[in-house]
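*Asks:* So I've got this file, upload_15.csv, and it contains CSV, C-alpha atoms:
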```csv
chain,number,residue,atom,x,y,z
Y,1,MET,CA,-39.1,-11.7,-32.7
Y,2,THR,CA,-39.9,-8.1,-33.2
Y,3,VAL,CA,-41.7,-7.3,-36.5
Y,4,LEU,CA,-43.3,-4.3,-38.1
Y,5,VAL,CA,-46.9,-5.1,-39.1
Y,6,ASP,CA,-48.3,-3.7,-42.3
Y,7,THR,CA,-51.9,-2.3,-42.5
Y,8,ASN,CA,-53.2,-5.2,-44.5
Y,9,VAL,CA,-52.2,-7.7,-41.8
Y,10,LEU,CA,-54.1,-5.5,-39.2
Y,11,VAL,CA,-57.2,-5.5,-41.4
Y,12,TYR,CA,-57.2,-9.2,-42.0
Y,13,ASP,CA,-56.6,-9.7,-38.3
Y,14,ALA,CA,-59.6,-7.5,-37.5
Y,15,ILE,CA,-62.0,-9.2,-40.0
Y,16,GLU,CA,-62.5,-12.6,-38.6
Y,17,ASN,CA,-64.2,-14.1,-41.6
Y,18,SER,CA,-61.6,-12.7,-44.1
Y,19,PRO,CA,-59.6,-15.3,-46.1
Y,20,HIS,CA,-56.3,-14.4,-44.4
Y,21,HIS,CA,-57.6,-13.8,-40.8
Y,22,GLU,CA,-56.1,-17.0,-39.3
Y,23,ARG,CA,-52.6,-16.3,-40.8
Y,24,ALA,CA,-52.6,-12.7,-39.9
Y,25,SER,CA,-53.7,-13.4,-36.3
Y,26,VAL,CA,-51.1,-16.1,-35.8
Y,27,LEU,CA,-48.3,-13.8,-37.2
Y,28,ILE,CA,-49.2,-11.1,-34.8
Y,29,ASP,CA,-49.6,-13.5,-31.9
Y,30,GLU,CA,-46.3,-15.2,-32.6
Y,31,SER,CA,-44.4,-11.9,-32.6
Y,32,GLU,CA,-43.0,-11.0,-29.2
Y,33,ASP,CA,-43.2,-7.3,-29.9
Y,34,PRO,CA,-45.3,-6.3,-32.9
Y,35,ILE,CA,-44.8,-2.7,-34.0
Y,36,ILE,CA,-47.3,-0.7,-36.0
Y,37,ASN,CA,-46.7,2.6,-37.7
Y,38,SER,CA,-49.1,5.3,-36.8
Y,39,LEU,CA,-50.0,5.7,-40.5
Y,40,SER,CA,-51.5,2.2,-40.3
Y,41,ILE,CA,-53.9,3.4,-37.7
Y,42,VAL,CA,-55.1,6.1,-40.1
Y,43,GLU,CA,-55.4,3.6,-42.9
Y,44,LEU,CA,-57.3,1.1,-40.7
Y,45,GLY,CA,-59.6,4.0,-39.8
Y,46,PHE,CA,-60.7,4.6,-43.4
Y,47,VAL,CA,-60.6,1.0,-44.6
Y,48,LEU,CA,-62.8,-0.6,-41.9
Y,49,PRO,CA,-65.9,1.5,-43.0
Y,50,ARG,CA,-65.3,0.2,-46.5
Y,51,TYR,CA,-66.0,-3.2,-45.1
Y,52,GLY,CA,-69.2,-2.0,-43.5
Y,53,ILE,CA,-67.9,-1.5,-40.0
Y,54,ASP,CA,-69.7,1.3,-38.2
Y,55,ASN,CA,-68.1,4.4,-36.7
Y,56,GLU,CA,-68.4,3.3,-33.1
Y,57,ASN,CA,-66.6,0.0,-33.8
Y,58,VAL,CA,-63.9,1.7,-35.8
Y,59,ARG,CA,-63.3,4.1,-32.9
Y,60,LYS,CA,-63.1,1.1,-30.5
Y,61,LYS,CA,-60.6,-0.6,-32.8
Y,62,ILE,CA,-58.4,2.5,-33.1
Y,63,GLU,CA,-58.5,3.0,-29.3
Y,64,GLU,CA,-57.4,-0.7,-28.9
Y,65,LEU,CA,-54.5,-0.2,-31.2
Y,66,LEU,CA,-53.4,3.0,-29.5
Y,67,HIS,CA,-53.6,1.6,-25.9
Y,68,SER,CA,-53.1,-2.1,-26.3
Y,69,GLN,CA,-50.4,-3.9,-24.5
Y,70,TYR,CA,-49.4,-6.0,-27.5
Y,71,PHE,CA,-48.7,-3.3,-30.1
Y,72,THR,CA,-46.0,-0.7,-30.0
Y,73,VAL,CA,-47.0,2.4,-32.0
Y,74,SER,CA,-44.2,3.9,-34.1
Y,75,TRP,CA,-45.1,7.5,-34.5
Y,76,LEU,CA,-44.5,9.1,-37.8
Y,77,SER,CA,-42.3,12.2,-37.6
Y,78,GLY,CA,-41.3,14.9,-40.1
Y,79,LYS,CA,-37.7,13.6,-39.9
Y,80,MET,CA,-38.8,10.2,-40.9
Y,81,MET,CA,-40.9,11.5,-43.8
Y,82,GLU,CA,-37.8,13.4,-45.0
Y,83,LYS,CA,-35.7,10.2,-44.8
Y,84,VAL,CA,-38.4,8.2,-46.6
Y,85,SER,CA,-38.6,10.8,-49.4
Y,86,ALA,CA,-34.9,10.7,-49.9
Y,87,PHE,CA,-34.9,7.0,-50.0
Y,88,MET,CA,-37.7,6.9,-52.6
Y,89,VAL,CA,-35.9,9.4,-54.8
Y,90,GLU,CA,-32.6,7.5,-54.5
Y,91,ASN,CA,-34.4,4.2,-55.5
Y,92,LYS,CA,-36.7,5.8,-58.1
Y,93,LEU,CA,-39.9,4.7,-56.3
Y,94,SER,CA,-43.3,6.2,-57.1
Y,95,PHE,CA,-44.7,8.7,-54.6
Y,96,ARG,CA,-48.1,7.2,-55.4
Y,97,ASP,CA,-47.0,4.5,-52.9
Y,98,PHE,CA,-45.6,7.0,-50.3
Y,99,ASN,CA,-47.8,5.4,-47.6
Y,100,ASP,CA,-46.4,1.9,-48.3
Y,101,TRP,CA,-42.8,3.2,-48.2
Y,102,ILE,CA,-43.3,5.0,-45.0
Y,103,ILE,CA,-44.2,1.7,-43.4
Y,104,ALA,CA,-41.5,-0.3,-45.2
Y,105,TYR,CA,-38.8,2.3,-44.4
Y,106,ASP,CA,-39.8,2.2,-40.7
Y,107,ALA,CA,-39.1,-1.5,-40.7
Y,108,ARG,CA,-35.8,-0.9,-42.4
Y,109,SER,CA,-34.7,1.8,-40.0
Y,110,ARG,CA,-35.6,-0.3,-37.0
Y,111,LYS,CA,-33.8,-3.3,-38.6
Y,112,VAL,CA,-36.9,-5.5,-38.1
Y,113,PRO,CA,-38.7,-7.5,-40.7
Y,114,LEU,CA,-41.9,-6.2,-42.3
Y,115,ILE,CA,-44.9,-8.5,-42.5
Y,116,THR,CA,-47.2,-7.8,-45.3
Y,117,PHE,CA,-49.7,-9.5,-47.6
Y,118,ASP,CA,-48.9,-7.1,-50.4
Y,119,LYS,CA,-47.0,-9.2,-52.9
Y,120,ILE,CA,-45.8,-6.2,-54.9
Y,121,LEU,CA,-44.4,-4.4,-51.9
Y,122,TYR,CA,-42.9,-7.7,-50.7
Y,123,ASN,CA,-41.0,-8.1,-54.0
Y,124,LYS,CA,-39.8,-4.5,-54.1
Y,125,CYS,CA,-38.6,-4.7,-50.5
Y,126,ARG,CA,-36.6,-7.8,-51.2
Y,127,LYS,CA,-35.0,-6.1,-54.2
Y,128,LEU,CA,-34.1,-3.1,-52.0
Y,129,GLY,CA,-32.7,-5.3,-49.2
Y,130,ILE,CA,-35.5,-4.5,-46.7
Y,131,GLN,CA,-36.2,-7.6,-44.5
Y,132,VAL,CA,-39.7,-8.9,-45.2
Y,133,ILE,CA,-41.5,-12.0,-44.1
Y,134,GLU,CA,-43.1,-14.1,-46.8
Y,135,ILE,CA,-46.7,-14.9,-46.1
P,136,MET,CA,-68.6,-5.1,-7.9
P,137,VAL,CA,-65.3,-6.9,-8.3
P,138,PHE,CA,-62.0,-5.5,-7.0
P,139,VAL,CA,-58.8,-6.7,-8.5
P,140,LEU,CA,-55.6,-6.1,-6.5
P,141,VAL,CA,-52.4,-6.0,-8.4
P,142,PHE,CA,-49.3,-6.4,-6.2
P,143,MET,CA,-46.1,-4.9,-7.4
P,144,VAL,CA,-42.6,-5.8,-6.2
P,145,LYS,CA,-39.8,-3.4,-6.3
P,146,THR,CA,-36.5,-4.8,-7.3
P,147,THR,CA,-33.3,-3.9,-9.2
P,148,ILE,CA,-32.4,-5.6,-12.4
P,149,ASN,CA,-29.4,-5.1,-14.7
P,150,LEU,CA,-30.4,-4.6,-18.3
P,151,ASP,CA,-28.1,-4.8,-21.3
P,152,GLU,CA,-27.5,-1.3,-22.6
P,153,GLU,CA,-29.1,-2.1,-25.9
P,154,ILE,CA,-32.2,-3.5,-24.3
P,155,TYR,CA,-32.5,-0.5,-22.0
P,156,ALA,CA,-32.2,1.9,-24.9
P,157,GLU,CA,-35.0,0.1,-26.7
P,158,ILE,CA,-37.3,0.1,-23.7
P,159,VAL,CA,-36.6,3.8,-23.0
P,160,LYS,CA,-37.5,4.5,-26.7
P,161,GLU,CA,-40.7,2.5,-26.5
P,162,SER,CA,-41.7,4.2,-23.2
P,163,ILE,CA,-41.2,7.6,-24.9
P,164,GLU,CA,-43.1,6.6,-28.0
P,165,LYS,CA,-46.0,5.0,-26.1
P,166,TYR,CA,-46.3,7.3,-23.1
P,167,GLY,CA,-44.3,10.4,-23.9
P,168,SER,CA,-41.8,9.9,-21.0
P,169,THR,CA,-39.4,7.5,-19.5
P,170,LYS,CA,-41.5,7.0,-16.4
P,171,ASN,CA,-43.2,3.8,-17.7
P,172,ILE,CA,-40.1,1.6,-18.0
P,173,SER,CA,-41.5,-0.9,-15.5
P,174,LYS,CA,-44.8,-1.0,-17.3
P,175,ILE,CA,-43.1,-1.7,-20.7
P,176,ILE,CA,-41.0,-4.6,-19.1
P,177,ASN,CA,-44.2,-6.1,-17.5
P,178,GLN,CA,-46.0,-5.8,-20.9
P,179,ARG,CA,-43.2,-7.5,-22.8
P,180,LEU,CA,-43.0,-10.4,-20.3
P,181,ARG,CA,-46.7,-10.8,-20.3
P,182,ASN,CA,-46.8,-10.8,-24.1
P,183,ARG,CA,-44.1,-13.5,-24.2
P,184,ALA,CA,-46.1,-15.6,-21.8
P,185,ASN,CA,-49.2,-15.1,-24.0
P,186,THR,CA,-47.4,-16.4,-27.1
P,187,THR,CA,-46.8,-19.7,-25.4
P,188,GLY,CA,-50.3,-20.1,-24.1
P,189,LYS,CA,-53.7,-18.8,-24.8
P,190,ARG,CA,-54.3,-16.7,-27.9
P,191,ARG,CA,-54.5,-13.0,-27.3
P,192,GLN,CA,-57.8,-11.3,-27.6
P,193,ARG,CA,-58.3,-8.4,-30.0
P,194,ILE,CA,-61.4,-6.8,-31.3
P,195,THR,CA,-62.6,-8.5,-34.5
P,196,PHE,CA,-65.6,-8.1,-36.8
P,197,ARG,CA,-67.6,-10.3,-39.1
P,198,VAL,CA,-68.4,-8.7,-42.4
P,199,SER,CA,-70.9,-9.4,-45.1
P,200,LYS,CA,-69.7,-12.2,-47.5
P,201,SER,CA,-70.2,-9.8,-50.5
P,202,LEU,CA,-67.4,-7.6,-49.0
P,203,LEU,CA,-64.9,-10.4,-48.4
P,204,SER,CA,-63.7,-10.5,-52.0
P,205,LYS,CA,-62.4,-6.9,-51.7
P,206,ASP,CA,-58.6,-6.7,-51.8
P,207,VAL,CA,-57.4,-4.9,-48.7
P,208,ASP,CA,-54.5,-3.1,-50.4
P,209,ALA,CA,-56.8,-1.9,-53.2
P,210,GLU,CA,-59.2,-0.6,-50.5
P,211,ILE,CA,-56.4,1.2,-48.7
P,212,LYS,CA,-55.4,2.9,-52.0
P,213,ALA,CA,-59.1,3.7,-52.7
P,214,GLY,CA,-59.4,5.1,-49.2
P,215,TRP,CA,-56.5,7.4,-49.7
P,216,GLU,CA,-57.8,8.6,-53.0
P,217,GLU,CA,-61.3,9.2,-51.5
P,218,SER,CA,-59.8,11.1,-48.5
P,219,SER,CA,-57.9,13.5,-50.7
P,220,LYS,CA,-61.1,14.5,-52.7
```
Please rewrite the model in this file as structure tokens.

*Replies:*
Amino acid sequence: MTVLVDTNVLVYDAIENSPHHERASVLIDESEDPIINSLSIVELGFVLPRYGIDNENVRKKIEELLHSQYFTVSWLSGKMMEKVSAFMVENKLSFRDFNDWIIAYDARSRKVPLITFDKILYNKCRKLGIQVIEI
Amino acid sequence: MVFVLVFMVKTTINLDEEIYAEIVKESIEKYGSTKNISKIINQRLRNRANTTGKRRQRITFRVSKSLLSKDVDAEIKAGWEESSK
């Protein structure tokens, strides 16, 4: 099954003693073709140092995501940002969560489910008819 | 020093139009051209084999217990706010 992986799943997968590590890793491993949005790589880049990961290891992780054989990177384009903005206006969504909606909309446009640990995003996606996998 | 030889076999396969379009798209997204279609197909087949067998290896970290209580989504938000200062 092809899925779009949210940043929080990537973070839990990367931190082996995190409470959701096992679940996150299994979800990624079970997917035949996990996709990550390029925005998640940016987010991972600034979140990992907040968990005490040093720069060199953050660099290695980013490199792994960019060149790994198991993730497909979905590159964020201007066209996609325009579509997400329009979608957000249409559905009265807050631009404070622009980053979340870029990722969720990517899943929607690819017609693949999003996997996320974010319960608020999960509930909003369900209301809007975006496929999302309950964790 | 260890040398690894990878043998490639040239063959012709017929792909469904939909699958072909998907693979072409992935090749462009990942490598910027359509020249890596074989590589993408190999990766996909290898990934499928991995899901039935050994767990795939990714870089992981152990962090201090005091940091584990942090909520990832709250940290992502905080990271965005910090980066915009």

*Asks:* Just how far from atom CA of P:Ile194 is atom CA of P:Ser168, in Å to one decimal?

*Replies:*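 Between atom CA of P:Ser168 and atom CA of P:Ile194 the gap is 27.7 Å.
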
*Asks:* For chain P, which residue out of Y:Asn123, Y:Ser94, Y:Asn17, Y:Ser85 is the nearest one, using all atoms listed in the file?

*Replies:*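 The shortest atom-to-atom distance to chain P comes from Y:Asn17.
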
*Asks:* Here is a test: counting all atoms listed in the file, which residue of Y:Glu134, Y:Glu82, Y:Glu16, Y:Glu63 is nearest to chain P?

*Replies:*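 Closest candidate: Y:Glu16.
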
*Asks:* Could you check which of Y:Leu44, Y:Pro49, Y:Leu4, Y:Phe71 is closest to P:Arg193, using only C-alpha atoms?

*Replies:*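 Smallest separation from P:Arg193 among the options: Y:Phe71.
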
*Asks:* Quick one: distance from atom CA of Y:Lys119 to atom CA of P:Ala209 in Å, one decimal?

*Replies:* 12.2 Å

*Asks:* Pick from Y:Ile115, Y:Met80, Y:Ile62, Y:Val73: nearest to chain P, with all atoms listed in the file counted?

*Replies:* Y:Val73

*Asks:* For chain P, work out the contacting residues on chain Y at 8 Å, counting only C-alpha atoms, and write them as a ChimeraX atom specification.

*Replies:* /Y:8,11-19,29-33,43,46-47,50-53,61,64,69-70,72-75,118

*Asks:* Separation of atom CA of Y:Pro113 and atom CA of Y:Val132, in Å?

*Replies:*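 Atom-to-atom, atom CA of Y:Pro113 to atom CA of Y:Val132, that is 4.8 Å.
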
*Asks:* Which of these, Y:Gln131, Y:Asn99, Y:Asn91, Y:Ser38, has the shortest distance to Y:Leu66 once you count only C-alpha atoms?

*Replies:*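 Result for the nearest residue to Y:Leu66: Y:Ser38.
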
*Asks:* Could you pull the residues within 9 Å of Y:Ile28, counting all atoms listed in the file, minus those fewer than 6 positions along the same chain, as a PyMOL selection string?

*Replies:* chain Y and resi 3+5+9-10+13+34+70
